[in-house]
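Below is one structure, written out as structure tokens; the observations come after it.
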Amino acid sequence: MEPFRVEDYAEFARASLSAEVWGFVQGGSGAEWTLAANRAAYDRVRLRTRVLTDVSRCDLGTTVLGARLASPLGVAPMAYHRLAHPDGELATAAAAGATGSLFVVSIFASETIEDIAAAATGPLWLQLYWLRQREILVDLIRRAEAAGYGALVLTVDAPRVGRRLRDLRNAFALPQDVRAVNIAEPVMAASHESADGTSAIERHSREQFDQTVTWSDLAWLRERSSLPLVLKGILTAEDARLAVEHGVDAVVVSNHGGRQLDGAVPSLDALPEVVAAVAGRLPVLVDGGVRTGGDVFKSLALGACAVLVGRPVLWGLAHSGAAGAGAVLGLLREELDNCMALAGRPTLADIDSSAVVLRQGF
Ligand code: FNR
């Protein structure tokens with residue numbers, strides 16, 4: 001069946017990936033309430049359409065922290081793209097480039113920072129978890145700068161990996177041939193070791209992630225790079241204000257795709273309070289549950305400057321590598337263009353809070 005919407009790719013991915021990999025990609029934490037709520041939040045937002053506004057040419061182009069984008073779309077950082085396709089992040093880089101999308105490369109990428117840069121034709125940012133061994137971070141930052149990455153994205157909602165029940169049931173461990181190649185092997189060894197009733201990913205994070213980090217540690221990171229610093233995983237006005245006070249350059253409103261704290265507020269619900277708190281002092285991105293161009297439109301109307309897309313990119317990769325991931329991103333862009341035309345908002349600046357109305361409850 002030819003895919004006409006992003007979720008058609010999920011059907012294909014589910015059928016083609018192993019049950020364990022599908023569980024890792026698709027799963028959330030706990031009862032997966034937040035995972036479902038991320039989607040449901042979009043369904044509570046309705047579009048207010050305007051008419052007679054000349055929508056013959058919609059303008060989707062934008063710039064985020066100096067990254068010129070064909071549309072306000074990026075690939076969220078996700079570990080181990082080679083789980084979905086043998087070309088891994090090289091395919092994703094090609095797909096992002098072909099569609100003018102941002103690509104945020106995970107610290108646990110399964111291709112090297114340098115090879116991804118060579119395959120890319122568009123902007124790249126590098127995502128970091130705060131590992132105990134800070135010299136690893138220093139090395140990654142130096143390599144990212146040398147390879148032309150445009151920003152560092154520190155993920156702050158994962159002092160350790162959440163309780164992902166699918167991975168616990170499957171005793172999920174990474175296959176030997178899919179590795180976090182940017183980090184020395186001994187540091188990653190635990191994520192390949194299977195043990196009944198546990199997730200190797202979770203065990204590894206308890207070993208290697210630094211859970212002591214606080215706001216004051218951001219200065220250490222700042223001193224080691226002149227690249228813009230983005231915090232990913234902000235869900236409250238309080239933390240958004242702290243991000244501004246600590247000189248952060250952008251935030252991503254995110255609950256990690258429902259993979260960290262189950263019960264955490266859906267990203268779209270948190271977006272307005274974060275946008276209000278930063279009051280235009282830094283750009284706000286959002287991720288979690290974006291599956292249509294209409295979802296992108298709703299995110300922009302509620303104050304995001306761009307959205308990141310996670311799982312759908314891996315579904316596209318599983319379908320057909322770079323072509324599939326590119327098709328997913330292209331479909332979202334096409335749907336956004338269509339949504340802007342039919343809502344009578346031909347430029348991104350036209351997509352303001354008057355473009356949506358919120359329905360409370362379900
Ligand atoms: C992720 N996510 C993630 N985030 C991060 O900061 N670093 C990482 O390495 C990963 N790895 C990862 C792997 C997989 C398989 C998934 C599905 C997700 C979270 C990701 O960046 C993003 O926040 C969510 O995926 C967004 O939600 P959707 O679009 O998947 O609903």
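Identifiers in this document derive from the order of the structure tokens: chains are assigned A, B, ..., residues are numbered from 1 separately in each chain, and ligands are numbered from 1 in order of occurrence.
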Interface rows for chain A against ligand 1: nearest pair, Å to one decimal, 7 Å, only C-alpha atoms and all ligand atoms, as a Markdown table:
| residue | atom | partner | partner_atom_place_in_ligand_line | distance |
| --- | --- | --- | --- | --- |
| A:Phe24 | CA | ligand 1 | 15 (C) | 6.0 |
| A:Val25 | CA | ligand 1 | 15 (C) | 3.8 |
| A:Gln26 | CA | ligand 1 | 17 (C) | 6.0 |
| A:Ala76 | CA | ligand 1 | 21 (O) | 4.3 |
| A:Pro77 | CA | ligand 1 | 21 (O) | 4.1 |
| A:Met78 | CA | ligand 1 | 11 (N) | 3.4 |
| A:Ala79 | CA | ligand 1 | 9 (O) | 4.0 |
| A:Ser106 | CA | ligand 1 | 9 (O) | 4.7 |
| A:Ile107 | CA | ligand 1 | 9 (O) | 6.1 |
| A:Phe108 | CA | ligand 1 | 9 (O) | 5.6 |
| A:Gln127 | CA | ligand 1 | 6 (O) | 6.2 |
| A:Thr155 | CA | ligand 1 | 6 (O) | 4.9 |
| A:Lys232 | CA | ligand 1 | 6 (O) | 6.7 |
| A:Ser254 | CA | ligand 1 | 23 (O) | 5.7 |
| A:Asn255 | CA | ligand 1 | 23 (O) | 6.3 |
| A:His256 | CA | ligand 1 | 23 (O) | 3.6 |
| A:Gly257 | CA | ligand 1 | 27 (O) | 3.4 |
| A:Asp287 | CA | ligand 1 | 26 (C) | 4.8 |
| A:Gly288 | CA | ligand 1 | 27 (O) | 3.3 |
| A:Gly289 | CA | ligand 1 | 31 (O) | 3.7 |
| A:Val290 | CA | ligand 1 | 29 (O) | 5.5 |
| A:Leu308 | CA | ligand 1 | 29 (O) | 6.7 |
| A:Val309 | CA | ligand 1 | 29 (O) | 4.2 |
| A:Gly310 | CA | ligand 1 | 29 (O) | 3.5 |
| A:Arg311 | CA | ligand 1 | 30 (O) | 3.9 |
| A:Pro312 | CA | ligand 1 | 29 (O) | 6.6 |
Next item on the list: Name all residues at most 8 Å from A:Val6 (count only C-alpha atoms; drop same-chain ones fewer than 4 positions away) and give them as a ChimeraX atom specification.
Entry: /A:10,291-292,312,328,331-332
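Among the candidate residues A:Arg222, A:Arg57, A:Arg39, A:Arg206, the one lying nearest to A:Ala151 is A:Arg222, with distances computed using only C-alpha atoms.
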Set the distance at 7 Å and use only C-alpha atoms: which residues neighbour stretch 119-122 of chain A once local chain neighbours fewer than 3 positions away are removed? I'd like the list as JSON, numbers by chain.
{"A": [90, 93, 94, 96, 97, 100, 101, 102, 115, 116]}
Dump of N, CA, C and O atoms for the selected residues, as a PDB file, in the first residue's frame:
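Once written, result16.pdb looks like this:
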ATOM      1  N   LEU A  90      23.441   8.165   8.267  1.00  0.00           N
ATOM      2  CA  LEU A  90      23.865   8.703   6.966  1.00  0.00           C
ATOM      3  C   LEU A  90      22.632   8.906   6.091  1.00  0.00           C
ATOM      4  O   LEU A  90      22.511   9.904   5.367  1.00  0.00           O
ATOM      5  N   ALA A  93      20.682  11.901   7.449  1.00  0.00           N
ATOM      6  CA  ALA A  93      21.313  13.167   7.060  1.00  0.00           C
ATOM      7  C   ALA A  93      20.951  13.522   5.621  1.00  0.00           C
ATOM      8  O   ALA A  93      20.642  14.682   5.305  1.00  0.00           O
ATOM      9  N   ALA A  94      20.964  12.523   4.753  1.00  0.00           N
ATOM     10  CA  ALA A  94      20.604  12.774   3.350  1.00  0.00           C
ATOM     11  C   ALA A  94      19.144  13.207   3.246  1.00  0.00           C
ATOM     12  O   ALA A  94      18.806  14.140   2.508  1.00  0.00           O
ATOM     13  N   ALA A  96      17.260  14.625   5.601  1.00  0.00           N
ATOM     14  CA  ALA A  96      17.077  15.963   6.168  1.00  0.00           C
ATOM     15  C   ALA A  96      17.560  17.008   5.166  1.00  0.00           C
ATOM     16  O   ALA A  96      16.891  18.023   4.927  1.00  0.00           O
ATOM     17  N   GLY A  97      18.709  16.742   4.560  1.00  0.00           N
ATOM     18  CA  GLY A  97      19.254  17.685   3.588  1.00  0.00           C
ATOM     19  C   GLY A  97      18.325  17.860   2.399  1.00  0.00           C
ATOM     20  O   GLY A  97      18.082  18.984   1.935  1.00  0.00           O
ATOM     21  N   GLY A 100      15.421  20.057   3.366  1.00  0.00           N
ATOM     22  CA  GLY A 100      15.710  21.337   4.028  1.00  0.00           C
ATOM     23  C   GLY A 100      15.361  21.343   5.500  1.00  0.00           C
ATOM     24  O   GLY A 100      14.994  22.370   6.063  1.00  0.00           O
ATOM     25  N   SER A 101      15.490  20.171   6.135  1.00  0.00           N
ATOM     26  CA  SER A 101      15.145  20.048   7.556  1.00  0.00           C
ATOM     27  C   SER A 101      16.417  20.037   8.410  1.00  0.00           C
ATOM     28  O   SER A 101      17.474  19.605   7.962  1.00  0.00           O
ATOM     29  N   LEU A 102      16.265  20.453   9.653  1.00  0.00           N
ATOM     30  CA  LEU A 102      17.337  20.346  10.639  1.00  0.00           C
ATOM     31  C   LEU A 102      17.488  18.881  11.050  1.00  0.00           C
ATOM     32  O   LEU A 102      16.503  18.143  11.102  1.00  0.00           O
ATOM     33  N   ASP A 115      31.267  11.293   9.613  1.00  0.00           N
ATOM     34  CA  ASP A 115      30.612  10.679   8.449  1.00  0.00           C
ATOM     35  C   ASP A 115      29.215  11.276   8.240  1.00  0.00           C
ATOM     36  O   ASP A 115      28.767  11.454   7.100  1.00  0.00           O
ATOM     37  N   ILE A 116      28.534  11.567   9.336  1.00  0.00           N
ATOM     38  CA  ILE A 116      27.205  12.180   9.215  1.00  0.00           C
ATOM     39  C   ILE A 116      27.343  13.564   8.577  1.00  0.00           C
ATOM     40  O   ILE A 116      26.576  13.928   7.677  1.00  0.00           O
TER      41      ILE A 116
END
Requested in this report: Once DSSP has gone over the backbone, tell me which residues of stretch 117-299 of chain A are in alpha helix (DSSP H), as a ChimeraX atom specification.
Outcome: /A:117-119,134-146,165-169,185-188,200-208,218-223,237-245,267-278,293-299
Would you put the residues from that selection into a file with C-alpha atoms, as a CSV table (one decimal), in the first residue's frame?
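File produced: again33.csv:
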chain,number,residue,atom,x,y,z
A,117,ALA,CA,28.6,15.6,8.4
A,118,ALA,CA,29.9,14.3,5.1
A,119,ALA,CA,26.5,12.9,4.2
A,134,ARG,CA,33.3,14.8,31.2
A,135,GLU,CA,36.3,14.3,29.0
A,136,ILE,CA,34.0,12.4,26.6
A,137,LEU,CA,31.8,15.5,26.3
A,138,VAL,CA,34.9,17.6,25.7
A,139,ASP,CA,36.0,15.3,22.9
A,140,LEU,CA,32.5,15.2,21.3
A,141,ILE,CA,32.2,19.0,21.4
A,142,ARG,CA,35.6,19.5,19.8
A,143,ARG,CA,34.7,17.0,17.0
A,144,ALA,CA,31.3,18.6,16.4
A,145,GLU,CA,32.8,22.0,16.1
A,146,ALA,CA,35.4,20.7,13.7
A,165,LEU,CA,8.2,-1.5,30.4
A,166,ARG,CA,8.4,-2.9,26.8
A,167,ASP,CA,12.2,-2.9,27.1
A,168,LEU,CA,12.1,-4.5,30.6
A,169,ARG,CA,9.8,-7.3,29.3
A,185,GLU,CA,33.6,1.0,23.6
A,186,PRO,CA,34.1,0.3,27.3
A,187,VAL,CA,31.8,3.2,28.2
A,188,MET,CA,29.0,1.7,26.1
A,200,ALA,CA,20.4,-2.7,29.2
A,201,ILE,CA,19.7,0.8,28.1
A,202,GLU,CA,18.4,1.7,31.5
A,203,ARG,CA,21.3,-0.1,33.4
A,204,HIS,CA,23.8,1.7,31.2
A,205,SER,CA,22.3,5.1,31.9
A,206,ARG,CA,22.6,4.4,35.7
A,207,GLU,CA,26.3,3.6,35.2
A,208,GLN,CA,27.3,6.3,32.9
A,218,LEU,CA,25.9,24.7,32.5
A,219,ALA,CA,28.8,27.2,32.9
A,220,TRP,CA,31.3,24.4,32.6
A,221,LEU,CA,29.7,23.4,29.2
A,222,ARG,CA,29.6,27.0,28.1
A,223,GLU,CA,33.3,27.4,28.8
A,237,ALA,CA,7.7,28.2,33.1
A,238,GLU,CA,10.0,28.0,36.1
A,239,ASP,CA,12.7,26.1,34.2
A,240,ALA,CA,12.2,28.2,31.1
A,241,ARG,CA,13.0,31.3,33.1
A,242,LEU,CA,16.0,29.6,34.6
A,243,ALA,CA,17.1,28.8,31.1
A,244,VAL,CA,16.9,32.4,30.1
A,245,GLU,CA,18.8,33.5,33.3
A,267,SER,CA,4.4,18.8,25.3
A,268,LEU,CA,1.8,20.8,23.5
A,269,ASP,CA,0.1,21.6,26.9
A,270,ALA,CA,3.4,22.9,28.3
A,271,LEU,CA,4.2,25.0,25.3
A,272,PRO,CA,2.1,28.1,26.0
A,273,GLU,CA,3.5,28.5,29.5
A,274,VAL,CA,7.1,28.1,28.3
A,275,VAL,CA,6.5,30.6,25.5
A,276,ALA,CA,5.0,33.1,27.9
A,277,ALA,CA,7.8,32.7,30.4
A,278,VAL,CA,10.6,33.3,27.9
A,293,GLY,CA,1.4,19.1,9.0
A,294,GLY,CA,-1.6,20.2,11.0
A,295,ASP,CA,0.2,19.3,14.2
A,296,VAL,CA,3.2,21.4,13.0
A,297,PHE,CA,0.8,24.3,12.3
A,298,LYS,CA,-0.8,24.0,15.8
A,299,SER,CA,2.6,24.0,17.4
Using only C-alpha atoms, the best pick from A:Asp217, A:Glu32, A:Glu20, A:Glu11 as closest to A:Ser199 would be A:Glu20
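The spacing separating atom CA of A:Ser29 from atom CA of A:Ile234 amounts to 17.7 Å.
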Contacts of A:Val286 within 6 Å, only C-alpha atoms, excl. fewer than 6 positions in-chain, as a PyMOL selection string:
chain A and resi 252-254+307
Using only C-alpha atoms, the best pick from A:Pro86, A:Thr34, A:Leu69, A:Gly303 as closest to A:Pro123 would be A:Leu69
Quiz prompt | Residue list (strand (DSSP E or B), DSSP) for stretch 107-225 of chain A, as a list in words | solution = Leu124, Trp125, Leu126, Gln127, Leu128, Leu131, Leu152, Val153, Leu154, Thr155 and Phe209 of chain A
Would you output that residue set with C-alpha atoms, as a PDB file, in the first residue's frame?
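Writing the result to result.pdb gives the following:
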ATOM      1  CA  LEU A 124      23.305  19.603  11.988  1.00  0.00           C
ATOM      2  CA  TRP A 125      23.183  20.039  15.759  1.00  0.00           C
ATOM      3  CA  LEU A 126      24.691  17.590  18.249  1.00  0.00           C
ATOM      4  CA  GLN A 127      22.701  16.325  21.251  1.00  0.00           C
ATOM      5  CA  LEU A 128      24.480  15.446  24.495  1.00  0.00           C
ATOM      6  CA  LEU A 131      27.977  11.606  31.046  1.00  0.00           C
ATOM      7  CA  LEU A 152      24.785  21.738  21.126  1.00  0.00           C
ATOM      8  CA  VAL A 153      21.543  20.319  22.496  1.00  0.00           C
ATOM      9  CA  LEU A 154      21.785  19.219  26.109  1.00  0.00           C
ATOM     10  CA  THR A 155      18.984  16.832  27.022  1.00  0.00           C
ATOM     11  CA  PHE A 209      24.927   9.343  33.242  1.00  0.00           C
TER      12      PHE A 209
END
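The interatomic distance for the pair atom CA of A:Ile351 and atom CA of A:Leu300 works out to 6.4 Å.
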* To do: Do a neighbour search on A:Ala109 at 9 Å with only C-alpha atoms, toss out local chain neighbours closer than 5 positions, and write the hits as a VMD selection string.
  => chain A and resid 77 to 82 88 to 89 179 to 182
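In this comparison, which uses only C-alpha atoms, the residue of A:Gly148, A:Phe172, A:Val265, A:His246 approaching A:Gly23 most closely is A:Phe172.
In this structure, atom CA of A:Ala322 sits 21.9 Å away from atom CA of A:Pro175.
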